[in-house]
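Read the structure below first, then the notes.
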Amino acid sequence: MPVQHITSTEQFNSIIAKDTLTVVDFFADWCGPCKRIAPFLETLSNEFTNAQFVKVNVEEQEGISKEHNIAAMPTFLFFKGGKKVADLVGADQNKLKGIIEKNYSA
Amino acid sequence: MSQAGDNIPQGTFDYIPFTPELEDDSVCGVKQTISTDDWKDKKVVLVGVPGAFTPTCHQSHAPEYVKKVRELKDKGADIVAVIMSNDAYVASAWGRTLKAKGDVLFLADNNGKWAEQAGLTYDASLTQGFTRLKRFAAVIDQGVFKILEVETKGGVSNSGADYILSQSW
C-alpha cells in the first residue's frame with residue numbers, strides 16, 4: 001500500500017482510530033534524515049500490507065504536530081485504535097522495522 | 001534602556017527543543033515558540049549575548065551559565081536562558097556545542113525585536129551583519145526585571161554567572 005499524506009486533523013484522527021497498526025512519519029521537506037528514510041518507509045508499506053502508513057508534514061499540519069509534541073524529525077508514532085503504542089525519534093531503519101514487527105498482526 | 005524594577009517587554013522567541021538525537025544529526029529539530037507570557041509566574045535568568053559563537057561569550061559568558069545552571073536553579077531559577085539575535089537553528093547548534101543538553105535554553109530573538117524594546121540592542125549591520133543584543137544578564141521575576149546588568153565595556157563582569165549568583169533574588 002502506498003504511504004498516504006495527511007491533509008487535515010480530521011483525516012488523521014479517523015485513520016489512527018482504526019484497530020490496525022498505523023505508522024505515522026512526521027517529516028519536513030528540507031529535513032535530510034527524513035529524506036533518507038522515506039524510501040525505506042515505502043518498502044515497509046509494501047511488506048506490511050495490513051498496516052496503514054501515513055506521513056505528516058510538520059510545517060503544514062502544525063496542529064497535529066503540537067498535539068503530539070513533535071520536537072524533532074523524523075519522529076515515528078505508532079497507533080492502534082486511536083491509542084499510541086510506541087514512538088521512535090530519529091531515522092533508524094532497524095528500530096523502525098522492529099517496532100512494526102512487534103505490533104503488527106497480519 | 002530598561003532598569004531593575006521595570007516590566008519586561010512582551011515578546012516571543014523561537015527555539016529548537018533539545019533531544020539527544022540532535023547530537024548525531026539523525027534528526028532535524030522542529031522550531032517552537034516561547035512567549036514572555038509563559039514566564040508570568042516564573043523566575044527566569046536571562047543572558048543576552050551579541051551572537052552565537054562570538055569570541056567572548058563563547059569563551060566565558062554563556063559557558064559559565066551552562067556550567068552553573070544547577071546552582072542557579074537551586075537558588076530558585078525556574079528557567080535559565082541565553083538569548084541572541086541569531087536564528088533558532090544557530091542558537092540550537094551553539095547550545096549543543098556548549099553541551100547545554102536543554103538545561104539552558106538557547107533562544108532566538110529575531111533581529112533583536114524583543115531586546116530592542118528594552119533598549120538592549122545595538123546596530124551592528126555594518127560590522128556583524130544585523131542588529132545585535134548587548135551583553136547583559138537579567139533576573140526576571142514574574143515579568144519584572146529584578147536585576148539587570150548590562151556590560152558597557154568589552155568582556156564579562158557583572159553579567160557573569162558568578163556575579164548573578166552572588167546577588168540576592
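The chains in the C-alpha cells are called A, B, ... from first to last as shown; in each chain the residues are counted from 1, and the ligands are counted from 1 in the order shown.
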
Quiz item: Using only C-alpha atoms, which chain A residues lie at most 9 Å away from chain B, written as a PyMOL selection string?
Solution: chain A and resi 27-28+31-34+58-59+70-75+89-92

Store the residues picked out above, limited to N, CA, C and O atoms, as an mmCIF file, in the first residue's frame.
data_model
loop_
_atom_site.group_PDB
_atom_site.id
_atom_site.type_symbol
_atom_site.label_atom_id
_atom_site.label_comp_id
_atom_site.auth_asym_id
_atom_site.auth_seq_id
_atom_site.Cartn_x
_atom_site.Cartn_y
_atom_site.Cartn_z
ATOM 1 N N PHE A 27 7.525 14.582 9.288
ATOM 2 C CA PHE A 27 8.696 14.966 8.481
ATOM 3 C C PHE A 27 8.577 16.424 8.015
ATOM 4 O O PHE A 27 7.544 17.061 8.203
ATOM 5 N N ALA A 28 9.669 16.932 7.421
ATOM 6 C CA ALA A 28 9.615 18.211 6.701
ATOM 7 C C ALA A 28 10.370 18.026 5.386
ATOM 8 O O ALA A 28 11.271 17.180 5.292
ATOM 9 N N CYS A 31 14.245 18.302 5.499
ATOM 10 C CA CYS A 31 14.937 17.524 6.535
ATOM 11 C C CYS A 31 15.668 16.329 5.923
ATOM 12 O O CYS A 31 15.035 15.407 5.396
ATOM 13 N N GLY A 32 16.998 16.364 5.945
ATOM 14 C CA GLY A 32 17.821 15.319 5.319
ATOM 15 C C GLY A 32 17.528 13.916 5.832
ATOM 16 O O GLY A 32 17.285 12.999 5.035
ATOM 17 N N PRO A 33 17.586 13.715 7.156
ATOM 18 C CA PRO A 33 17.327 12.369 7.690
ATOM 19 C C PRO A 33 15.943 11.844 7.284
ATOM 20 O O PRO A 33 15.776 10.643 7.061
ATOM 21 N N CYS A 34 14.969 12.756 7.173
ATOM 22 C CA CYS A 34 13.620 12.343 6.754
ATOM 23 C C CYS A 34 13.663 11.814 5.324
ATOM 24 O O CYS A 34 13.044 10.807 4.987
ATOM 25 N N VAL A 58 5.203 18.430 9.169
ATOM 26 C CA VAL A 58 5.036 19.189 10.429
ATOM 27 C C VAL A 58 4.779 20.671 10.193
ATOM 28 O O VAL A 58 4.201 21.345 11.033
ATOM 29 N N GLU A 59 5.212 21.189 9.040
ATOM 30 C CA GLU A 59 5.005 22.612 8.788
ATOM 31 C C GLU A 59 3.609 22.886 8.234
ATOM 32 O O GLU A 59 3.060 23.956 8.436
ATOM 33 N N ILE A 70 5.694 16.932 18.818
ATOM 34 C CA ILE A 70 6.804 16.568 17.936
ATOM 35 C C ILE A 70 7.910 17.613 18.066
ATOM 36 O O ILE A 70 7.715 18.783 17.751
ATOM 37 N N ALA A 71 9.087 17.181 18.554
ATOM 38 C CA ALA A 71 10.184 18.120 18.797
ATOM 39 C C ALA A 71 11.331 17.931 17.824
ATOM 40 O O ALA A 71 12.243 18.739 17.763
ATOM 41 N N ALA A 72 11.309 16.837 17.063
ATOM 42 C CA ALA A 72 12.389 16.574 16.125
ATOM 43 C C ALA A 72 11.843 15.726 14.983
ATOM 44 O O ALA A 72 10.812 15.074 15.124
ATOM 45 N N MET A 73 12.566 15.757 13.857
ATOM 46 C CA MET A 73 12.116 14.991 12.695
ATOM 47 C C MET A 73 13.226 14.111 12.153
ATOM 48 O O MET A 73 14.364 14.557 12.143
ATOM 49 N N PRO A 74 13.010 12.911 11.660
ATOM 50 C CA PRO A 74 11.675 12.313 11.690
ATOM 51 C C PRO A 74 11.344 11.769 13.073
ATOM 52 O O PRO A 74 12.218 11.297 13.778
ATOM 53 N N THR A 75 10.066 11.875 13.424
ATOM 54 C CA THR A 75 9.541 11.141 14.581
ATOM 55 C C THR A 75 8.482 10.191 14.047
ATOM 56 O O THR A 75 7.652 10.588 13.226
ATOM 57 N N VAL A 89 12.175 8.359 17.775
ATOM 58 C CA VAL A 89 12.733 9.621 17.296
ATOM 59 C C VAL A 89 14.016 9.302 16.538
ATOM 60 O O VAL A 89 14.902 8.629 17.060
ATOM 61 N N GLY A 90 14.103 9.763 15.287
ATOM 62 C CA GLY A 90 15.308 9.554 14.508
ATOM 63 C C GLY A 90 15.117 8.518 13.418
ATOM 64 O O GLY A 90 14.247 7.662 13.492
ATOM 65 N N ALA A 91 15.985 8.641 12.387
ATOM 66 C CA ALA A 91 15.857 7.793 11.200
ATOM 67 C C ALA A 91 16.646 6.504 11.383
ATOM 68 O O ALA A 91 17.686 6.300 10.785
ATOM 69 N N ASP A 92 16.150 5.613 12.217
ATOM 70 C CA ASP A 92 16.830 4.343 12.478
ATOM 71 C C ASP A 92 16.009 3.201 11.846
ATOM 72 O O ASP A 92 14.969 2.809 12.356
#

Practice problem: Please provide as a ChimeraX atom specification all residues within 12 Å of Lys67 of chain B, with the sequence filter that same-chain residues fewer than 4 positions apart are discarded (counting only C-alpha atoms). | Solution: /B:60-63,71-73,80,98-101,103-104,160-162

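Once Lys102 of chain A and its same-chain neighbours fewer than 5 positions away are set aside, Leu21, Phe48, Phe78, Val85, Ala86, Lys95, Leu96 and Lys97 of chain A remain within 12 Å of it when counting only C-alpha atoms.
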
Dump as a tab-separated table (two decimals), in the first residue's frame, selection limited to N, CA and C atoms:
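For reference, selection_26.tsv as written:
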chain	number	residue	atom	x	y	z
A	21	LEU	N	-2.63	-1.52	12.89
A	21	LEU	CA	-1.46	-0.68	13.22
A	21	LEU	C	-1.33	0.47	12.22
A	48	PHE	N	4.35	-4.77	4.87
A	48	PHE	CA	3.36	-4.93	5.94
A	48	PHE	C	2.02	-4.36	5.44
A	78	PHE	N	3.29	5.27	16.50
A	78	PHE	CA	2.59	4.04	16.13
A	78	PHE	C	1.28	3.99	16.91
A	85	VAL	N	0.95	3.31	20.68
A	85	VAL	CA	1.54	2.11	21.26
A	85	VAL	C	3.06	2.18	21.30
A	86	ALA	N	3.66	3.07	20.53
A	86	ALA	CA	5.12	3.20	20.54
A	86	ALA	C	5.52	4.50	19.86
A	95	LYS	N	15.34	-0.07	14.06
A	95	LYS	CA	14.37	0.16	15.13
A	95	LYS	C	12.97	0.33	14.56
A	96	LEU	N	12.88	1.04	13.45
A	96	LEU	CA	11.58	1.28	12.81
A	96	LEU	C	10.92	-0.04	12.44
A	97	LYS	N	11.70	-0.89	11.76
A	97	LYS	CA	11.15	-2.17	11.35
A	97	LYS	C	10.83	-3.04	12.57

Polymer residues at most 8 Å from Thr49 of chain A, only C-alpha atoms, same-chain spacing of 4 or more positions, as a compact mmCIF listing (two decimals) with all heavy atoms, in the first residue's frame:
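Printed below is around_23.txt as written:
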# COMPACT_ATOMS: atom_id res chain seq x y z
N MET A 1 0.84 -1.20 0.00
CA MET A 1 0.00 0.00 0.00
C MET A 1 0.87 1.25 0.00
O MET A 1 1.87 1.31 0.70
CB MET A 1 -0.87 0.00 1.25
CG MET A 1 -2.14 -0.82 1.09
SD MET A 1 -3.54 -0.07 1.90
CE MET A 1 -2.97 0.12 3.59
N SER A 45 5.85 -0.31 3.72
CA SER A 45 4.41 -0.24 3.48
C SER A 45 3.96 -1.32 2.49
O SER A 45 2.83 -1.77 2.52
CB SER A 45 3.99 1.15 2.99
OG SER A 45 4.36 1.33 1.64
N ALA A 106 -1.01 -9.69 10.98
CA ALA A 106 -1.33 -9.84 9.56
C ALA A 106 -2.83 -10.14 9.37
O ALA A 106 -3.49 -10.56 10.29
CB ALA A 106 -0.51 -10.96 8.95

Exercise. Would you return as a ChimeraX atom specification the members of segment 3-158 of chain B that DSSP assigns to helix (DSSP H, G or I) on this structure's backbone?
Key: /B:20-24,36-39,55-67,69-74,88-97,110-117

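What separates atom CA of Glu60 of chain A from atom CA of Ser14 of chain A is a distance of 18.3 Å.
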
Practice problem: Apply DSSP to the backbone of this structure and, from chain A, keep only the residues in strand (DSSP E or B); write these as a PyMOL selection string. | Solution: chain A and resi 4-5+22-27+52-57+72-73+75-80+83-89

Quiz prompt | Neighbour list for Thr12 of chain B as a ChimeraX atom specification, cut-off 8 Å, only C-alpha atoms, skip fewer than 2 positions in-chain | solution = /B:10,14,33-36,109,114

Print the selection's residues with all heavy atoms to a file, as a PDB file, in the first residue's frame.
ATOM      1  N   GLN B  10       6.765  42.548  26.169  1.00  0.00           N
ATOM      2  CA  GLN B  10       6.126  41.302  25.756  1.00  0.00           C
ATOM      3  C   GLN B  10       6.759  40.863  24.438  1.00  0.00           C
ATOM      4  O   GLN B  10       7.112  41.696  23.603  1.00  0.00           O
ATOM      5  CB  GLN B  10       4.622  41.556  25.581  1.00  0.00           C
ATOM      6  CG  GLN B  10       3.733  40.333  25.709  1.00  0.00           C
ATOM      7  CD  GLN B  10       3.655  39.503  24.441  1.00  0.00           C
ATOM      8  OE1 GLN B  10       3.862  40.019  23.364  1.00  0.00           O
ATOM      9  NE2 GLN B  10       3.359  38.222  24.594  1.00  0.00           N
ATOM     10  N   ASP B  14      11.951  32.132  19.200  1.00  0.00           N
ATOM     11  CA  ASP B  14      11.999  30.813  18.574  1.00  0.00           C
ATOM     12  C   ASP B  14      13.075  29.979  19.238  1.00  0.00           C
ATOM     13  O   ASP B  14      14.110  30.512  19.661  1.00  0.00           O
ATOM     14  CB  ASP B  14      12.358  30.939  17.081  1.00  0.00           C
ATOM     15  CG  ASP B  14      11.237  31.571  16.278  1.00  0.00           C
ATOM     16  OD1 ASP B  14      10.081  31.502  16.728  1.00  0.00           O
ATOM     17  OD2 ASP B  14      11.533  32.129  15.207  1.00  0.00           O
ATOM     18  N   THR B  33       7.923  27.978  19.572  1.00  0.00           N
ATOM     19  CA  THR B  33       7.877  29.366  20.031  1.00  0.00           C
ATOM     20  C   THR B  33       7.607  29.405  21.525  1.00  0.00           C
ATOM     21  O   THR B  33       6.831  28.618  22.041  1.00  0.00           O
ATOM     22  CB  THR B  33       6.744  30.121  19.305  1.00  0.00           C
ATOM     23  OG1 THR B  33       6.963  29.983  17.911  1.00  0.00           O
ATOM     24  CG2 THR B  33       6.751  31.585  19.645  1.00  0.00           C
ATOM     25  N   ILE B  34       8.292  30.307  22.206  1.00  0.00           N
ATOM     26  CA  ILE B  34       8.038  30.515  23.630  1.00  0.00           C
ATOM     27  C   ILE B  34       7.698  31.995  23.797  1.00  0.00           C
ATOM     28  O   ILE B  34       8.252  32.848  23.097  1.00  0.00           O
ATOM     29  CB  ILE B  34       9.275  30.095  24.458  1.00  0.00           C
ATOM     30  CG1 ILE B  34       8.944  30.062  25.941  1.00  0.00           C
ATOM     31  CG2 ILE B  34      10.464  30.988  24.224  1.00  0.00           C
ATOM     32  CD1 ILE B  34      10.051  29.417  26.766  1.00  0.00           C
ATOM     33  N   SER B  35       6.751  32.291  24.666  1.00  0.00           N
ATOM     34  CA  SER B  35       6.317  33.673  24.840  1.00  0.00           C
ATOM     35  C   SER B  35       6.698  34.155  26.238  1.00  0.00           C
ATOM     36  O   SER B  35       6.746  33.362  27.187  1.00  0.00           O
ATOM     37  CB  SER B  35       4.800  33.748  24.666  1.00  0.00           C
ATOM     38  OG  SER B  35       4.315  34.960  25.196  1.00  0.00           O
ATOM     39  N   THR B  36       6.935  35.458  26.355  1.00  0.00           N
ATOM     40  CA  THR B  36       7.219  36.000  27.689  1.00  0.00           C
ATOM     41  C   THR B  36       6.004  35.810  28.607  1.00  0.00           C
ATOM     42  O   THR B  36       6.144  35.805  29.817  1.00  0.00           O
ATOM     43  CB  THR B  36       7.565  37.507  27.619  1.00  0.00           C
ATOM     44  OG1 THR B  36       6.555  38.168  26.859  1.00  0.00           O
ATOM     45  CG2 THR B  36       8.917  37.748  26.975  1.00  0.00           C
ATOM     46  N   ASP B 109      15.959  35.716  19.426  1.00  0.00           N
ATOM     47  CA  ASP B 109      15.154  36.937  19.402  1.00  0.00           C
ATOM     48  C   ASP B 109      15.402  37.544  18.023  1.00  0.00           C
ATOM     49  O   ASP B 109      16.362  38.281  17.820  1.00  0.00           O
ATOM     50  CB  ASP B 109      15.631  37.878  20.522  1.00  0.00           C
ATOM     51  CG  ASP B 109      14.833  39.178  20.558  1.00  0.00           C
ATOM     52  OD1 ASP B 109      13.727  39.210  19.988  1.00  0.00           O
ATOM     53  OD2 ASP B 109      15.337  40.142  21.161  1.00  0.00           O
ATOM     54  N   TRP B 114      12.640  41.820  20.501  1.00  0.00           N
ATOM     55  CA  TRP B 114      12.237  41.923  21.909  1.00  0.00           C
ATOM     56  C   TRP B 114      13.208  42.824  22.680  1.00  0.00           C
ATOM     57  O   TRP B 114      12.814  43.749  23.388  1.00  0.00           O
ATOM     58  CB  TRP B 114      12.192  40.530  22.552  1.00  0.00           C
ATOM     59  CG  TRP B 114      11.851  40.580  24.014  1.00  0.00           C
ATOM     60  CD1 TRP B 114      10.603  40.648  24.549  1.00  0.00           C
ATOM     61  CD2 TRP B 114      12.767  40.587  25.123  1.00  0.00           C
ATOM     62  NE1 TRP B 114      10.675  40.698  25.924  1.00  0.00           N
ATOM     63  CE2 TRP B 114      11.999  40.662  26.303  1.00  0.00           C
ATOM     64  CE3 TRP B 114      14.171  40.540  25.228  1.00  0.00           C
ATOM     65  CZ2 TRP B 114      12.575  40.688  27.570  1.00  0.00           C
ATOM     66  CZ3 TRP B 114      14.749  40.575  26.490  1.00  0.00           C
ATOM     67  CH2 TRP B 114      13.956  40.641  27.646  1.00  0.00           C
TER      68      TRP B 114
END

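The residue set within 8 Å of Ile16 of chain A, counting only C-alpha atoms and dropping same-chain residues fewer than 4 places from it, reads Phe12, Thr22, Phe79, Lys80, Gly81, Gly82 and Lys83 of chain A.
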
Exercise. For Val54 of chain A, list every protein, DNA or RNA residue within 7 Å, evaluated using only C-alpha atoms, and leave out those in the same chain fewer than 4 positions away; present the list as a PyMOL selection string.
Key: chain A and resi 3-6+23-25

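Minimum distance to Val49 of chain B across B:Thr127, B:Ser168, B:Thr97, B:Thr121 (counting only C-alpha atoms) occurs at B:Thr121.
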
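For the pair atom CA of Lys146 of chain B and atom CA of Gly5 of chain B, the interatomic distance is 5.8 Å.
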
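Going from atom CA of Leu148 of chain B to atom CA of Ile79 of chain B covers 16.0 Å.
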